[in-house]
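A short write-up of the structure that comes next.
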Amino acid sequence: MPLDPFVILLTFGCGYLISRVGLPPLVGYLLAGFALSTQGYASGPAIKAVADIGVTILLFTIGLKLRVKSLLRPEVWAGASLHMLLIVALFSAGLMGLSLAGLSFFSGMDWSTALLIAFALSFSSTVFAVKILDESGRAGSLNGRTAIGVLIVQDIFAVLFLAFSTGKIPTVWALAVLAGLLPARWVFMRMLDRIGHGELQVLFGFFLAFVAGAWAFDVVGLKADLGALIMGMLLAPHPRAKDLAGALYSIKDFLLIGFFLDIGLTGLPNLATLSAALVLVLALPVKIGLFFLLFTRFRLRARTSLATSLNLANYSEFGLIVGGLAVNNGWLSRDWLLAVAIALSLSFVLASPLNRWADRLFEKWRTVLRRFETTEAHPDEEPYQAGSWQIAVIGMGRVGAGAYDYFTEKFGPVALGVDLSPETVDSHLEDGRQVLLADVTDPDFWRKLPRTKSPFRLVLLATPSMETQLYVLDKLRQRGFTGTIAAAAQYDDEVEILREAGVDTALNIYAEAGAGLGSHICREVGEFGIESLLPDKQ
């Protein structure tokens, strides 16, 4: 597919218009792909290569934010396994029922084919879910960690399936690659200490994702995407892992446009194929409901369970791999491959607004959904106790931590930090800071707060997401907060939006960085006299 001006114009136009109505731009990219397919455009090696690079970088950067121990939680490994078994059983029975009912598209289907299709539909899209979590800034929250953990377990099942179904058993060298991960991790950790910033850091990220991760796994018969993800997870504990992920952020977002265009360029189906795809889409509520039921059985609150279920409320590109394999082996007609592709695309289109409206959906159905909660809460969702702090710093990244240290030095131990990343919280606790693990975008967070009058006199919003800041601002006003609210923004237009929303003071952290540097220099050289550093006045 030539990347001519029309392609760029249509892709940008669809992404922009969709974003203006409150939906993620990726829905626009899918629609652009469908529109291009009607004009004779088709996916080709170039667009597929761009898509593959984007997916690999995405999985590597997500790995940089994960910890291996997150996979050991029962809601992750047991939840993913039970869900897959139950969905395969339910979906295969449903497909056989449609076949027995005489529907033409499903006629002649046997149990082995039904089980194969059901297995393909039991997977959720890693790329879509991670993209949604990344955009919302909630990849490190409890629901984000749970969703990503489930996706990793599903990836492991995918590796096993491809190995046994294609005869592509990992070579004996796979053991050597796996055994070499820990020594390689030690080397890469030391290199990351010395790599600096700029283009060399970006190139090192590409090397880790594509060579040390994806290529090393692929060449020994393991899943390449899994290699990129695992390589990121191995380096996640490094203090500069976030810097490396940030350096790849914009490149990753741009390349992922190719992935969603590629899906849309699958083409438009005939009526029978579209009908079959719609039947598959209508089965999504079963998938969502089963995830919700299982997560609540593992003591997750209803809101967390719903948000996680909606993150996984889609079909996976792995379904296309299974479909292609079945077509090549003569198990399915080629129309089935197109039906799965259309169902995949439609699931993305439907899941995008559902994820955006997750909190509103929970608020509307809260009474019904909370009936599924267990008496005992998950350890990460226990209620909070009142304290004597006077300053709350929401978002304990570099900006938040710097503000926290300033307040503590000036006023004593009166500040409390809040962050949704367990690793960030653990790091601050080790350094002696008082930090609470919590997701402030979770409505249950506000319900778990003590009902007594807030002791806080100042709340600093230091999260990178302006949507989160506006949400917290609204919740504080609803609770009758009368103290001062300050916010750190990344752009000048965000400063104006925050002030109009009711923030008492907001500043562009980059604009203020220069003033802070000048103030720091004056303090450091003050004893010698700043005048001694300046040229003589004439």
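Quick note on naming: the chains in the structure tokens go A, B, ... in the order shown, residues restart at 1 in each chain, and ligands are numbered from 1 in order of appearance.
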*Residues flagged alpha helix (DSSP H) by DSSP in segment 39-162 of chain A, as a ChimeraX atom specification*: /A:45-63,74-100,111-121,126-136,142-162
Env of segment 223-231 of chain A: 10 Å cut, atoms = only C-alpha atoms, seq-sep filter 6 positions within chain, self excluded. Answer as a PDB file with N, CA, C and O atoms, in the first residue's frame.
ATOM      1  N   ASP A  52       4.262  -4.506  12.783  1.00  0.00           N
ATOM      2  CA  ASP A  52       5.010  -5.457  13.611  1.00  0.00           C
ATOM      3  C   ASP A  52       6.018  -4.746  14.510  1.00  0.00           C
ATOM      4  O   ASP A  52       6.187  -5.110  15.684  1.00  0.00           O
ATOM      5  N   VAL A  55       4.100  -3.082  17.400  1.00  0.00           N
ATOM      6  CA  VAL A  55       3.649  -4.054  18.402  1.00  0.00           C
ATOM      7  C   VAL A  55       4.807  -4.502  19.279  1.00  0.00           C
ATOM      8  O   VAL A  55       4.682  -4.602  20.508  1.00  0.00           O
ATOM      9  N   THR A  56       5.949  -4.766  18.666  1.00  0.00           N
ATOM     10  CA  THR A  56       7.115  -5.223  19.427  1.00  0.00           C
ATOM     11  C   THR A  56       7.586  -4.160  20.421  1.00  0.00           C
ATOM     12  O   THR A  56       7.857  -4.462  21.588  1.00  0.00           O
ATOM     13  N   ILE A  57       7.652  -2.906  19.982  1.00  0.00           N
ATOM     14  CA  ILE A  57       8.057  -1.821  20.871  1.00  0.00           C
ATOM     15  C   ILE A  57       7.032  -1.629  21.986  1.00  0.00           C
ATOM     16  O   ILE A  57       7.385  -1.392  23.154  1.00  0.00           O
ATOM     17  N   LEU A  58       5.739  -1.746  21.646  1.00  0.00           N
ATOM     18  CA  LEU A  58       4.694  -1.604  22.651  1.00  0.00           C
ATOM     19  C   LEU A  58       4.855  -2.643  23.760  1.00  0.00           C
ATOM     20  O   LEU A  58       4.834  -2.319  24.955  1.00  0.00           O
ATOM     21  N   LEU A  59       5.046  -3.896  23.381  1.00  0.00           N
ATOM     22  CA  LEU A  59       5.168  -4.965  24.375  1.00  0.00           C
ATOM     23  C   LEU A  59       6.444  -4.804  25.202  1.00  0.00           C
ATOM     24  O   LEU A  59       6.453  -5.078  26.407  1.00  0.00           O
ATOM     25  N   PHE A  60       7.504  -4.350  24.584  1.00  0.00           N
ATOM     26  CA  PHE A  60       8.751  -4.126  25.322  1.00  0.00           C
ATOM     27  C   PHE A  60       8.578  -3.023  26.360  1.00  0.00           C
ATOM     28  O   PHE A  60       9.003  -3.167  27.517  1.00  0.00           O
ATOM     29  N   THR A  61       7.939  -1.913  25.978  1.00  0.00           N
ATOM     30  CA  THR A  61       7.764  -0.805  26.922  1.00  0.00           C
ATOM     31  C   THR A  61       6.813  -1.189  28.054  1.00  0.00           C
ATOM     32  O   THR A  61       6.999  -0.741  29.189  1.00  0.00           O
ATOM     33  N   ILE A  62       5.805  -2.014  27.758  1.00  0.00           N
ATOM     34  CA  ILE A  62       4.920  -2.474  28.829  1.00  0.00           C
ATOM     35  C   ILE A  62       5.688  -3.390  29.775  1.00  0.00           C
ATOM     36  O   ILE A  62       5.521  -3.335  30.996  1.00  0.00           O
ATOM     37  N   GLY A  63       6.554  -4.222  29.225  1.00  0.00           N
ATOM     38  CA  GLY A  63       7.388  -5.077  30.069  1.00  0.00           C
ATOM     39  C   GLY A  63       8.246  -4.274  31.025  1.00  0.00           C
ATOM     40  O   GLY A  63       8.491  -4.696  32.165  1.00  0.00           O
ATOM     41  N   LEU A  64       8.684  -3.087  30.593  1.00  0.00           N
ATOM     42  CA  LEU A  64       9.493  -2.222  31.449  1.00  0.00           C
ATOM     43  C   LEU A  64       8.722  -1.723  32.671  1.00  0.00           C
ATOM     44  O   LEU A  64       9.326  -1.233  33.627  1.00  0.00           O
ATOM     45  N   LEU A  66       6.409  -3.743  34.302  1.00  0.00           N
ATOM     46  CA  LEU A  66       5.850  -4.900  35.006  1.00  0.00           C
ATOM     47  C   LEU A  66       6.855  -5.551  35.935  1.00  0.00           C
ATOM     48  O   LEU A  66       8.066  -5.330  35.836  1.00  0.00           O
ATOM     49  N   ARG A  67       6.335  -6.354  36.844  1.00  0.00           N
ATOM     50  CA  ARG A  67       7.153  -7.173  37.730  1.00  0.00           C
ATOM     51  C   ARG A  67       6.690  -8.625  37.594  1.00  0.00           C
ATOM     52  O   ARG A  67       5.493  -8.898  37.479  1.00  0.00           O
ATOM     53  N   VAL A  68       7.636  -9.544  37.623  1.00  0.00           N
ATOM     54  CA  VAL A  68       7.318 -10.957  37.443  1.00  0.00           C
ATOM     55  C   VAL A  68       6.330 -11.435  38.498  1.00  0.00           C
ATOM     56  O   VAL A  68       5.433 -12.242  38.215  1.00  0.00           O
ATOM     57  N   ILE A 152      -0.554 -11.918  29.455  1.00  0.00           N
ATOM     58  CA  ILE A 152       0.708 -12.655  29.390  1.00  0.00           C
ATOM     59  C   ILE A 152       0.458 -14.158  29.522  1.00  0.00           C
ATOM     60  O   ILE A 152       1.049 -14.973  28.798  1.00  0.00           O
ATOM     61  N   ASP A 155      -0.718 -15.358  26.335  1.00  0.00           N
ATOM     62  CA  ASP A 155       0.400 -15.476  25.390  1.00  0.00           C
ATOM     63  C   ASP A 155       1.140 -16.794  25.577  1.00  0.00           C
ATOM     64  O   ASP A 155       1.608 -17.401  24.606  1.00  0.00           O
ATOM     65  N   ILE A 156       1.274 -17.218  26.814  1.00  0.00           N
ATOM     66  CA  ILE A 156       1.942 -18.495  27.084  1.00  0.00           C
ATOM     67  C   ILE A 156       1.144 -19.645  26.474  1.00  0.00           C
ATOM     68  O   ILE A 156       1.704 -20.559  25.846  1.00  0.00           O
ATOM     69  N   ALA A 158      -0.761 -19.357  23.913  1.00  0.00           N
ATOM     70  CA  ALA A 158      -0.607 -19.213  22.469  1.00  0.00           C
ATOM     71  C   ALA A 158       0.684 -19.879  21.988  1.00  0.00           C
ATOM     72  O   ALA A 158       0.707 -20.553  20.945  1.00  0.00           O
ATOM     73  N   VAL A 159       1.769 -19.691  22.740  1.00  0.00           N
ATOM     74  CA  VAL A 159       3.047 -20.318  22.382  1.00  0.00           C
ATOM     75  C   VAL A 159       2.902 -21.841  22.366  1.00  0.00           C
ATOM     76  O   VAL A 159       3.364 -22.518  21.439  1.00  0.00           O
ATOM     77  N   LEU A 160       2.246 -22.376  23.383  1.00  0.00           N
ATOM     78  CA  LEU A 160       2.062 -23.834  23.463  1.00  0.00           C
ATOM     79  C   LEU A 160       1.205 -24.341  22.305  1.00  0.00           C
ATOM     80  O   LEU A 160       1.510 -25.385  21.699  1.00  0.00           O
ATOM     81  N   LEU A 162       0.731 -22.965  19.254  1.00  0.00           N
ATOM     82  CA  LEU A 162       1.458 -22.900  17.987  1.00  0.00           C
ATOM     83  C   LEU A 162       2.526 -23.978  17.899  1.00  0.00           C
ATOM     84  O   LEU A 162       2.785 -24.539  16.833  1.00  0.00           O
ATOM     85  N   ALA A 163       3.124 -24.286  19.026  1.00  0.00           N
ATOM     86  CA  ALA A 163       4.159 -25.319  19.039  1.00  0.00           C
ATOM     87  C   ALA A 163       3.582 -26.686  18.680  1.00  0.00           C
ATOM     88  O   ALA A 163       4.143 -27.422  17.855  1.00  0.00           O
ATOM     89  N   PRO A 170       9.889 -25.664  20.009  1.00  0.00           N
ATOM     90  CA  PRO A 170      11.134 -24.922  20.262  1.00  0.00           C
ATOM     91  C   PRO A 170      12.341 -25.843  20.207  1.00  0.00           C
ATOM     92  O   PRO A 170      12.294 -26.992  20.652  1.00  0.00           O
ATOM     93  N   LEU A 178      16.780 -19.289  27.339  1.00  0.00           N
ATOM     94  CA  LEU A 178      16.116 -19.028  28.619  1.00  0.00           C
ATOM     95  C   LEU A 178      17.119 -18.988  29.768  1.00  0.00           C
ATOM     96  O   LEU A 178      17.023 -18.154  30.674  1.00  0.00           O
ATOM     97  N   LEU A 181      19.089 -15.667  30.014  1.00  0.00           N
ATOM     98  CA  LEU A 181      18.390 -14.410  30.288  1.00  0.00           C
ATOM     99  C   LEU A 181      18.953 -13.684  31.504  1.00  0.00           C
ATOM    100  O   LEU A 181      19.141 -12.464  31.480  1.00  0.00           O
ATOM    101  N   ALA A 184      22.400 -12.212  30.787  1.00  0.00           N
ATOM    102  CA  ALA A 184      22.199 -11.093  29.864  1.00  0.00           C
ATOM    103  C   ALA A 184      21.591  -9.897  30.590  1.00  0.00           C
ATOM    104  O   ALA A 184      21.940  -8.746  30.320  1.00  0.00           O
ATOM    105  N   ARG A 185      20.685 -10.178  31.510  1.00  0.00           N
ATOM    106  CA  ARG A 185      20.056  -9.097  32.288  1.00  0.00           C
ATOM    107  C   ARG A 185      21.117  -8.310  33.051  1.00  0.00           C
ATOM    108  O   ARG A 185      21.074  -7.073  33.097  1.00  0.00           O
ATOM    109  N   PHE A 188      22.943  -6.097  30.532  1.00  0.00           N
ATOM    110  CA  PHE A 188      22.115  -5.005  30.025  1.00  0.00           C
ATOM    111  C   PHE A 188      21.838  -3.964  31.109  1.00  0.00           C
ATOM    112  O   PHE A 188      21.732  -2.767  30.815  1.00  0.00           O
ATOM    113  N   PHE A 206      15.718  -0.344  20.935  1.00  0.00           N
ATOM    114  CA  PHE A 206      15.404  -1.175  19.771  1.00  0.00           C
ATOM    115  C   PHE A 206      16.214  -2.471  19.796  1.00  0.00           C
ATOM    116  O   PHE A 206      15.693  -3.546  19.463  1.00  0.00           O
ATOM    117  N   LEU A 208      17.350  -4.075  22.438  1.00  0.00           N
ATOM    118  CA  LEU A 208      16.804  -4.951  23.477  1.00  0.00           C
ATOM    119  C   LEU A 208      15.502  -5.598  23.015  1.00  0.00           C
ATOM    120  O   LEU A 208      15.278  -6.798  23.229  1.00  0.00           O
ATOM    121  N   ALA A 209      14.627  -4.797  22.391  1.00  0.00           N
ATOM    122  CA  ALA A 209      13.317  -5.310  21.987  1.00  0.00           C
ATOM    123  C   ALA A 209      13.419  -6.290  20.822  1.00  0.00           C
ATOM    124  O   ALA A 209      12.808  -7.368  20.852  1.00  0.00           O
ATOM    125  N   PHE A 210      14.199  -5.940  19.803  1.00  0.00           N
ATOM    126  CA  PHE A 210      14.198  -6.723  18.567  1.00  0.00           C
ATOM    127  C   PHE A 210      15.264  -7.816  18.520  1.00  0.00           C
ATOM    128  O   PHE A 210      15.009  -8.898  17.997  1.00  0.00           O
ATOM    129  N   VAL A 211      16.437  -7.535  19.036  1.00  0.00           N
ATOM    130  CA  VAL A 211      17.528  -8.511  18.929  1.00  0.00           C
ATOM    131  C   VAL A 211      17.566  -9.412  20.163  1.00  0.00           C
ATOM    132  O   VAL A 211      17.389 -10.632  20.072  1.00  0.00           O
ATOM    133  N   ALA A 212      17.787  -8.800  21.336  1.00  0.00           N
ATOM    134  CA  ALA A 212      17.896  -9.589  22.565  1.00  0.00           C
ATOM    135  C   ALA A 212      16.570 -10.239  22.948  1.00  0.00           C
ATOM    136  O   ALA A 212      16.562 -11.302  23.579  1.00  0.00           O
ATOM    137  N   GLY A 213      15.445  -9.625  22.561  1.00  0.00           N
ATOM    138  CA  GLY A 213      14.143 -10.162  22.920  1.00  0.00           C
ATOM    139  C   GLY A 213      13.487 -10.939  21.801  1.00  0.00           C
ATOM    140  O   GLY A 213      13.495 -12.175  21.770  1.00  0.00           O
ATOM    141  N   ALA A 214      12.896 -10.224  20.822  1.00  0.00           N
ATOM    142  CA  ALA A 214      12.091 -10.859  19.777  1.00  0.00           C
ATOM    143  C   ALA A 214      12.891 -11.831  18.913  1.00  0.00           C
ATOM    144  O   ALA A 214      12.487 -12.975  18.692  1.00  0.00           O
ATOM    145  N   TRP A 215      14.033 -11.397  18.388  1.00  0.00           N
ATOM    146  CA  TRP A 215      14.802 -12.253  17.483  1.00  0.00           C
ATOM    147  C   TRP A 215      15.361 -13.478  18.203  1.00  0.00           C
ATOM    148  O   TRP A 215      15.303 -14.593  17.680  1.00  0.00           O
ATOM    149  N   ALA A 216      15.886 -13.281  19.407  1.00  0.00           N
ATOM    150  CA  ALA A 216      16.465 -14.405  20.154  1.00  0.00           C
ATOM    151  C   ALA A 216      15.411 -15.473  20.441  1.00  0.00           C
ATOM    152  O   ALA A 216      15.690 -16.673  20.374  1.00  0.00           O
ATOM    153  N   PHE A 217      14.184 -15.054  20.737  1.00  0.00           N
ATOM    154  CA  PHE A 217      13.113 -16.026  20.987  1.00  0.00           C
ATOM    155  C   PHE A 217      12.661 -16.684  19.683  1.00  0.00           C
ATOM    156  O   PHE A 217      12.429 -17.897  19.623  1.00  0.00           O
TER     157      PHE A 217
END
*Counting only C-alpha atoms, what is within 7 Å of segment 417-427 of chain A, bar same-chain residues fewer than 6 positions away, as a VMD selection string?*
chain A and resid 140 to 141 392 to 396 434 to 439
_Length of the atom CA of Asp335 of chain A to atom CA of Leu280 of chain A vector [Å]_ =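 Computing the Euclidean distance for atom CA of Asp335 of chain A and atom CA of Leu280 of chain A yields 13.8 Å.
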*Counting only C-alpha atoms, figure out which residue out of A:Phe348, A:Ile8, A:Lys287, A:Val340 gets nearest to Thr273 of chain A.*
A:Val340
_Going by DSSP on the backbone, which residues of segment 248-395 of chain A come out as strand (DSSP E)? List them as an MDAnalysis selection string._
chainID A and resid 391:394
All heavy atoms of the current selection, written as a tab-separated table (two decimals), in the first residue's frame:
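out28.tsv, freshly written:
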chain	number	residue	atom	x	y	z
A	391	ILE	N	-0.76	17.88	53.76
A	391	ILE	CA	-0.49	18.07	52.33
A	391	ILE	C	-0.55	16.71	51.64
A	391	ILE	O	0.08	15.75	52.10
A	391	ILE	CB	0.89	18.71	52.09
A	391	ILE	CG1	0.98	20.08	52.78
A	391	ILE	CG2	1.18	18.83	50.60
A	391	ILE	CD1	2.36	20.71	52.71
A	392	ALA	N	-1.29	16.62	50.56
A	392	ALA	CA	-1.36	15.39	49.76
A	392	ALA	C	-0.73	15.65	48.40
A	392	ALA	O	-1.08	16.63	47.73
A	392	ALA	CB	-2.81	14.94	49.60
A	393	VAL	N	0.19	14.78	48.01
A	393	VAL	CA	0.84	14.87	46.70
A	393	VAL	C	0.38	13.67	45.89
A	393	VAL	O	0.76	12.53	46.18
A	393	VAL	CB	2.37	14.89	46.82
A	393	VAL	CG1	3.00	14.99	45.43
A	393	VAL	CG2	2.82	16.04	47.71
A	394	ILE	N	-0.46	13.89	44.90
A	394	ILE	CA	-1.03	12.81	44.10
A	394	ILE	C	-0.20	12.65	42.83
A	394	ILE	O	-0.19	13.52	41.96
A	394	ILE	CB	-2.49	13.09	43.76
A	394	ILE	CG1	-3.30	13.19	45.05
A	394	ILE	CG2	-3.07	12.01	42.86
A	394	ILE	CD1	-4.76	13.53	44.85
*asked:* Need the shell around Leu473 of chain A: protein/DNA/RNA residues with any atom at most 10 Å away, counting only C-alpha atoms. Skip same-chain ones fewer than 4 positions apart. Format as a ChimeraX atom specification?
replied: /A:459,461,467-469,477-478,481,485-487,498,501-503
*Find, counting only C-alpha atoms, the residue in A:Leu248, A:Ala118, A:Leu100, A:Ala174 that gets nearest to Val88 of chain A.*
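Smallest separation from Val88 of chain A among the options: A:Ala118.
Residue nearest Arg145 of chain A within the list A:Ala307, A:Leu192, A:Ala401, A:Leu354: A:Ala307 [criterion: smallest interatomic distance, only C-alpha atoms].
Among the candidate residues A:Gly232, A:Pro353, A:Gly33, A:Gly480, the one lying nearest to Phe456 of chain A is A:Gly480, with distances computed using only C-alpha atoms.
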*Have a look at atom CA of Ala32 of chain A and atom CA of Ile342 of chain A and let me know their distance in Å, one decimal.*
14.2 Å
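We find atom CA of Ala462 of chain A and atom CA of Ala488 of chain A to be spaced 5.3 Å apart.
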